[in-house]
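Here the structure is laid out as C-alpha cells; the discussion comes afterwards.
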Amino acid sequence: MAQNKTYDVLVAGELNVDLIVNQLQGYPEVGKEILAERMTLTLGSSAAIFACNLSILGAKVAFAGKVGQDSFAGRILADLAEKGVDTSHILSTSTANTGISIALNYREDRAMITYPGAMEELVITDITDEALLQANHLHVSSLFLQKGLKPDIVALYKRAREAGMTTSLDPQWDPAQSWEIDLPVLLPYVDVFLPNMEEFKRITHQPDLRSGIEMVKEHAGIIVVKDGNKGAYAWKEGRLLHQPPFLNKQVVDCIGAGDSFDAGFIKKYTAGRSLEECLEFAALTGALNTTAAGGTTAFSDYGTIRSVAQETFSYAIR
C-alpha cells in the first residue's frame with residue numbers, strides 16, 4: 001500500500017440512522033399493536049457502521065456520501081466525527097430527508113424497514129478524484145440501495161484503480177430481489193468481495209457456495225462469504241478457507257455484525273496481512289459487534305475492544 005496518502009480507506013455509500021426495537025412481544029400484524037421493551041436510536045447504514053468501526057480499529061478513514069438538511073444529518077455527522085471519520089466529502093441535499101432504517105430485532109434475526117432518502121441521490125460525480133487520490137483503499141456497501149450510484153459502479157471502481165487504490169464491495173441485500181450485477185465486468189476491479197451466504201447465492205444464481213465460486217472465479221480476486229453462526233469462508237486463487245465462528249452466548253443483537261466483520265477484514269487486508277489472519281480477525285470483530293446494541297456501540301475504543309475480546313472470546317488481539 002502507498003504510504004503518502006492521507007487516509008487508509010475511503011468509504012463511499014449510504015448514510016442513515018437506525019431505530020432499533022428489541023424484546024418485541026410477538027410479530028407485527030396489520031391492524032394490531034405490539035409492544036417493545038427496548039428502543040435505541042443510533043447511527044445506522046452499512047457503510048457508516050463499517051467506517052466508524054474501522055476507524056476505532058486504528059485505520060484512517062474518510063467518508064463520501066449524502067445526507068438531508070435535518071436533525072438526523074447533524075447526528076450522523078457528529079457520530080462519524082466522534083469516531084474519528086473524516087466527513088469533509090459528505091454532501092447535503094435539500095430535495096430529500098436523511099435516510100432511516102427501522103429494525104425489528106428478534107435475537108439473531110431481524111426485520112428491516114428502510115426509507116432511503118438522500119442516499120439515493122449520491123452519484124458518481126459526488127465522489128471526486130481528490131477524494132480517491134487521498135486514500136489507499138475504496139470500500140462500498142449496500143449497492144442495491146444506492147440507485148444513483150449503482151449504474152456507474154464499474155466506472156467508480158475503474159477510477160479507484162487508476163488512482164492507485166485497492167477496493168472492496170459488500171453488496172448487501174437487494175430489496176427488489178432482482179440481484180442485477182454484471183459480475184464478469186465488475187469483479188475484475190474488486191479486490192475483496194464481501195457478501196453473506198444468501199446474498200452470494202442469489203447474486204450468482206447458484207444453489208451453494210462452491211458452485212457460486214466456480215461461476216465467478218475467473219473474474220474474482222478474493223471472495224469472502226459470511227455465514228452467520230456457521231462462520232465464514234474466504235477464497236483466493238483456488239484455495240478455500242473456513243473460519244469457525246466466535247460464539248457469543250449472550251447476544252444482544254446482530255445489527256451491523258456483517259459490517260463489523262468487513263471492518264476487521266479490511267483493517268488486516270490494508271495492513272498486508274495473510275488471508276488467514278484477515279478472516280480470523282473479521283470473525284472476531286463480527287462477534288464483538290453482538291456484545292452491545294446497534295452497529296457501533298461495542299466499538300467505543302480500542303482498549304475496550306481488546307478487553308472484551310479477551311474476556312468474552314479468550315482472544316488476545318495482537
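As shown in the C-alpha cells, the chain order sets the letters A, B, ...; within each chain, residues go from 1, and ligands are also counted from 1 in the order they appear.
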### Test item: residues at most 8 Å from Asn289 in chain A, only C-alpha atoms, excluding those fewer than 5 positions along its chain, as a list of chain:residue names
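So, after excluding close chain neighbours, the residues are A:Cys254, A:Ile255, A:Gly256, A:Ala257, A:Ser260, A:Gly294, A:Gly295, A:Thr296, A:Thr297, A:Ala298, A:Phe299.
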For N, CA, C and O atoms, I'd like the residues from the last selection saved as a PDB file, in the first residue's frame.
```pdb
ATOM      1  N   CYS A 254     -27.691  -8.491  16.497  1.00  0.00           N
ATOM      2  CA  CYS A 254     -26.745  -8.718  15.400  1.00  0.00           C
ATOM      3  C   CYS A 254     -26.735  -7.568  14.401  1.00  0.00           C
ATOM      4  O   CYS A 254     -26.194  -7.718  13.302  1.00  0.00           O
ATOM      5  N   ILE A 255     -27.317  -6.421  14.780  1.00  0.00           N
ATOM      6  CA  ILE A 255     -27.322  -5.270  13.891  1.00  0.00           C
ATOM      7  C   ILE A 255     -25.881  -4.846  13.609  1.00  0.00           C
ATOM      8  O   ILE A 255     -25.110  -4.547  14.512  1.00  0.00           O
ATOM      9  N   GLY A 256     -25.487  -4.841  12.337  1.00  0.00           N
ATOM     10  CA  GLY A 256     -24.154  -4.391  11.957  1.00  0.00           C
ATOM     11  C   GLY A 256     -23.045  -5.411  12.115  1.00  0.00           C
ATOM     12  O   GLY A 256     -21.878  -5.078  11.879  1.00  0.00           O
ATOM     13  N   ALA A 257     -23.381  -6.643  12.471  1.00  0.00           N
ATOM     14  CA  ALA A 257     -22.321  -7.645  12.672  1.00  0.00           C
ATOM     15  C   ALA A 257     -21.546  -7.904  11.381  1.00  0.00           C
ATOM     16  O   ALA A 257     -20.320  -8.055  11.398  1.00  0.00           O
ATOM     17  N   SER A 260     -19.187  -4.998  10.792  1.00  0.00           N
ATOM     18  CA  SER A 260     -18.032  -5.079  11.687  1.00  0.00           C
ATOM     19  C   SER A 260     -17.070  -6.172  11.229  1.00  0.00           C
ATOM     20  O   SER A 260     -15.849  -6.020  11.348  1.00  0.00           O
ATOM     21  N   GLY A 294     -26.938  -2.280  18.601  1.00  0.00           N
ATOM     22  CA  GLY A 294     -26.593  -1.438  17.461  1.00  0.00           C
ATOM     23  C   GLY A 294     -25.267  -1.821  16.842  1.00  0.00           C
ATOM     24  O   GLY A 294     -24.568  -2.725  17.298  1.00  0.00           O
ATOM     25  N   GLY A 295     -24.918  -1.087  15.782  1.00  0.00           N
ATOM     26  CA  GLY A 295     -23.752  -1.464  14.991  1.00  0.00           C
ATOM     27  C   GLY A 295     -22.429  -0.944  15.489  1.00  0.00           C
ATOM     28  O   GLY A 295     -21.379  -1.482  15.135  1.00  0.00           O
ATOM     29  N   THR A 296     -22.430   0.127  16.313  1.00  0.00           N
ATOM     30  CA  THR A 296     -21.162   0.755  16.698  1.00  0.00           C
ATOM     31  C   THR A 296     -20.904   0.784  18.202  1.00  0.00           C
ATOM     32  O   THR A 296     -19.808   1.130  18.627  1.00  0.00           O
ATOM     33  N   THR A 297     -21.884   0.433  19.009  1.00  0.00           N
ATOM     34  CA  THR A 297     -21.750   0.568  20.464  1.00  0.00           C
ATOM     35  C   THR A 297     -20.609  -0.260  21.025  1.00  0.00           C
ATOM     36  O   THR A 297     -19.895   0.181  21.936  1.00  0.00           O
ATOM     37  N   ALA A 298     -20.409  -1.454  20.493  1.00  0.00           N
ATOM     38  CA  ALA A 298     -19.350  -2.333  21.005  1.00  0.00           C
ATOM     39  C   ALA A 298     -17.959  -1.815  20.653  1.00  0.00           C
ATOM     40  O   ALA A 298     -16.960  -2.271  21.229  1.00  0.00           O
ATOM     41  N   PHE A 299     -17.875  -0.858  19.726  1.00  0.00           N
ATOM     42  CA  PHE A 299     -16.594  -0.324  19.268  1.00  0.00           C
ATOM     43  C   PHE A 299     -16.414   1.098  19.804  1.00  0.00           C
ATOM     44  O   PHE A 299     -16.280   2.050  19.046  1.00  0.00           O
TER      45      PHE A 299
END
```
### Residues near range 89-100 of chain A, cut-off 10 Å, only C-alpha atoms, skip fewer than 4 positions along chain, as a ChimeraX atom specification
/A:10,12-19,41,43-45,62-74,76-77,113-122,126-128,130-131
Output N, CA and C atoms for every residue in the selection just made, as a compact mmCIF listing (two decimals), in the first residue's frame.
```txt
# COMPACT_ATOMS: atom_id res chain seq x y z
N LEU A 10 -11.20 5.09 1.99
CA LEU A 10 -12.32 5.96 1.67
C LEU A 10 -13.56 5.09 1.55
N ALA A 12 -17.44 4.97 0.42
CA ALA A 12 -18.44 5.68 -0.38
C ALA A 12 -19.75 4.93 -0.25
N GLY A 13 -20.78 5.64 0.25
CA GLY A 13 -22.02 4.90 0.40
C GLY A 13 -23.12 5.63 1.13
N GLU A 14 -24.01 4.81 1.67
CA GLU A 14 -25.26 5.31 2.23
C GLU A 14 -25.08 5.75 3.67
N LEU A 15 -25.90 6.72 4.08
CA LEU A 15 -25.90 7.22 5.44
C LEU A 15 -27.34 7.30 5.95
N ASN A 16 -27.59 6.71 7.10
CA ASN A 16 -28.90 6.84 7.73
C ASN A 16 -28.78 6.55 9.22
N VAL A 17 -29.84 6.83 9.96
CA VAL A 17 -29.90 6.44 11.36
C VAL A 17 -30.68 5.13 11.46
N ASP A 18 -30.46 4.42 12.55
CA ASP A 18 -31.19 3.19 12.83
C ASP A 18 -32.07 3.39 14.06
N LEU A 19 -33.33 3.05 13.94
CA LEU A 19 -34.23 2.95 15.08
C LEU A 19 -34.42 1.46 15.35
N LEU A 41 -31.98 4.58 19.30
CA LEU A 41 -31.78 5.38 18.09
C LEU A 41 -30.28 5.62 17.96
N LEU A 43 -26.56 5.60 15.09
CA LEU A 43 -26.02 5.69 13.74
C LEU A 43 -26.25 4.37 13.01
N GLY A 44 -26.79 4.44 11.81
CA GLY A 44 -27.04 3.23 11.05
C GLY A 44 -26.32 3.26 9.72
N SER A 45 -26.74 2.40 8.84
CA SER A 45 -26.23 2.18 7.49
C SER A 45 -24.96 1.36 7.51
N ALA A 62 -12.02 8.11 5.71
CA ALA A 62 -12.81 9.24 5.23
C ALA A 62 -14.09 8.70 4.60
N PHE A 63 -15.12 9.54 4.54
CA PHE A 63 -16.43 9.11 4.04
C PHE A 63 -16.92 10.06 2.96
N ALA A 64 -17.44 9.49 1.87
CA ALA A 64 -18.10 10.25 0.81
C ALA A 64 -19.55 9.77 0.73
N GLY A 65 -20.49 10.67 1.00
CA GLY A 65 -21.90 10.29 0.99
C GLY A 65 -22.78 11.51 0.91
N LYS A 66 -24.08 11.31 1.18
CA LYS A 66 -25.03 12.43 1.08
C LYS A 66 -26.10 12.29 2.15
N VAL A 67 -26.44 13.42 2.78
CA VAL A 67 -27.47 13.47 3.81
C VAL A 67 -28.45 14.60 3.48
N GLY A 68 -29.57 14.63 4.19
CA GLY A 68 -30.52 15.71 4.05
C GLY A 68 -30.12 16.89 4.93
N GLN A 69 -31.02 17.85 5.02
CA GLN A 69 -30.79 19.02 5.86
C GLN A 69 -31.76 18.97 7.03
N ASP A 70 -31.47 18.06 7.97
CA ASP A 70 -32.37 17.80 9.08
C ASP A 70 -31.58 17.36 10.30
N SER A 71 -32.28 17.10 11.38
CA SER A 71 -31.59 16.76 12.64
C SER A 71 -30.86 15.43 12.55
N PHE A 72 -31.39 14.49 11.78
CA PHE A 72 -30.70 13.21 11.63
C PHE A 72 -29.34 13.40 10.97
N ALA A 73 -29.26 14.32 10.01
CA ALA A 73 -27.99 14.59 9.34
C ALA A 73 -26.96 15.09 10.34
N GLY A 74 -27.37 16.01 11.20
CA GLY A 74 -26.46 16.53 12.21
C GLY A 74 -25.95 15.45 13.13
N ILE A 76 -25.69 12.21 12.43
CA ILE A 76 -24.79 11.33 11.67
C ILE A 76 -23.40 11.95 11.57
N LEU A 77 -23.33 13.21 11.19
CA LEU A 77 -22.03 13.87 11.04
C LEU A 77 -21.29 13.93 12.37
N ILE A 113 -37.14 -2.09 7.87
CA ILE A 113 -37.87 -1.16 7.04
C ILE A 113 -36.96 0.04 6.81
N THR A 114 -36.69 0.40 5.56
CA THR A 114 -35.76 1.49 5.27
C THR A 114 -36.41 2.54 4.38
N TYR A 115 -36.26 3.79 4.80
CA TYR A 115 -36.55 4.94 3.94
C TYR A 115 -35.19 5.43 3.43
N PRO A 116 -34.87 5.25 2.14
CA PRO A 116 -33.53 5.58 1.64
C PRO A 116 -33.21 7.06 1.66
N GLY A 117 -34.15 7.90 1.25
CA GLY A 117 -33.93 9.34 1.28
C GLY A 117 -32.71 9.77 0.48
N ALA A 118 -31.87 10.57 1.13
CA ALA A 118 -30.74 11.21 0.44
C ALA A 118 -29.74 10.21 -0.12
N MET A 119 -29.68 9.01 0.44
CA MET A 119 -28.68 8.05 -0.06
C MET A 119 -28.90 7.72 -1.54
N GLU A 120 -30.15 7.81 -2.01
CA GLU A 120 -30.42 7.51 -3.41
C GLU A 120 -29.94 8.61 -4.34
N GLU A 121 -29.61 9.79 -3.79
CA GLU A 121 -29.16 10.89 -4.62
C GLU A 121 -27.65 10.93 -4.81
N LEU A 122 -26.92 10.09 -4.08
CA LEU A 122 -25.47 10.04 -4.27
C LEU A 122 -25.16 9.49 -5.66
N ASP A 126 -20.32 12.89 -7.34
CA ASP A 126 -20.17 13.37 -5.97
C ASP A 126 -18.90 12.82 -5.31
N ILE A 127 -18.32 11.78 -5.90
CA ILE A 127 -17.09 11.18 -5.36
C ILE A 127 -15.95 11.68 -6.23
N THR A 128 -15.24 12.65 -5.75
CA THR A 128 -14.26 13.38 -6.56
C THR A 128 -12.94 12.63 -6.70
N GLU A 130 -10.20 14.02 -6.15
CA GLU A 130 -9.43 14.44 -4.97
C GLU A 130 -9.62 13.47 -3.82
N ALA A 131 -10.87 13.05 -3.58
CA ALA A 131 -11.15 12.11 -2.50
C ALA A 131 -10.49 10.76 -2.77
```
### Message
Restricting the calculation to only C-alpha atoms: of A:Asp8, A:Lys83, A:Glu280, A:Asp182, which residue gets closest to Val224 in chain A?
### Response
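Smallest separation from Val224 in chain A among the options: A:Glu280.
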### Task
Check the smallest atom-to-atom distance from each of A:Ile266, A:Ala51, A:Met112, A:Ala36 to Gly84 in chain A using only C-alpha atoms, then report the winner.
A:Ala51
### Message
Given only C-alpha atoms as the basis, pick out the residue of A:Val30, A:Leu138, A:Ile20, A:Ala81 nearest to Thr270 in chain A.
### Response
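For Thr270 in chain A, the nearest of the candidates is A:Leu138.
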### Task
Write out as number ranges by chain each polymer residue whose atoms come within 10 Å of Gln250 in chain A, counting only C-alpha atoms; drop sequence neighbours fewer than 3 positions from it.
A: 107, 247, 253, 290-292, 312
### Minimum-distance residue to Val251 in chain A, chosen among A:Leu288, A:Val192, A:Leu156, A:Leu275 (using only C-alpha atoms)
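For Val251 in chain A, the nearest of the candidates is A:Leu288.
For the choices A:Glu180, A:Glu198, A:Glu33, A:Asp174, the atom-to-atom distance to Pro151 in chain A is smallest for A:Glu180 when using only C-alpha atoms.
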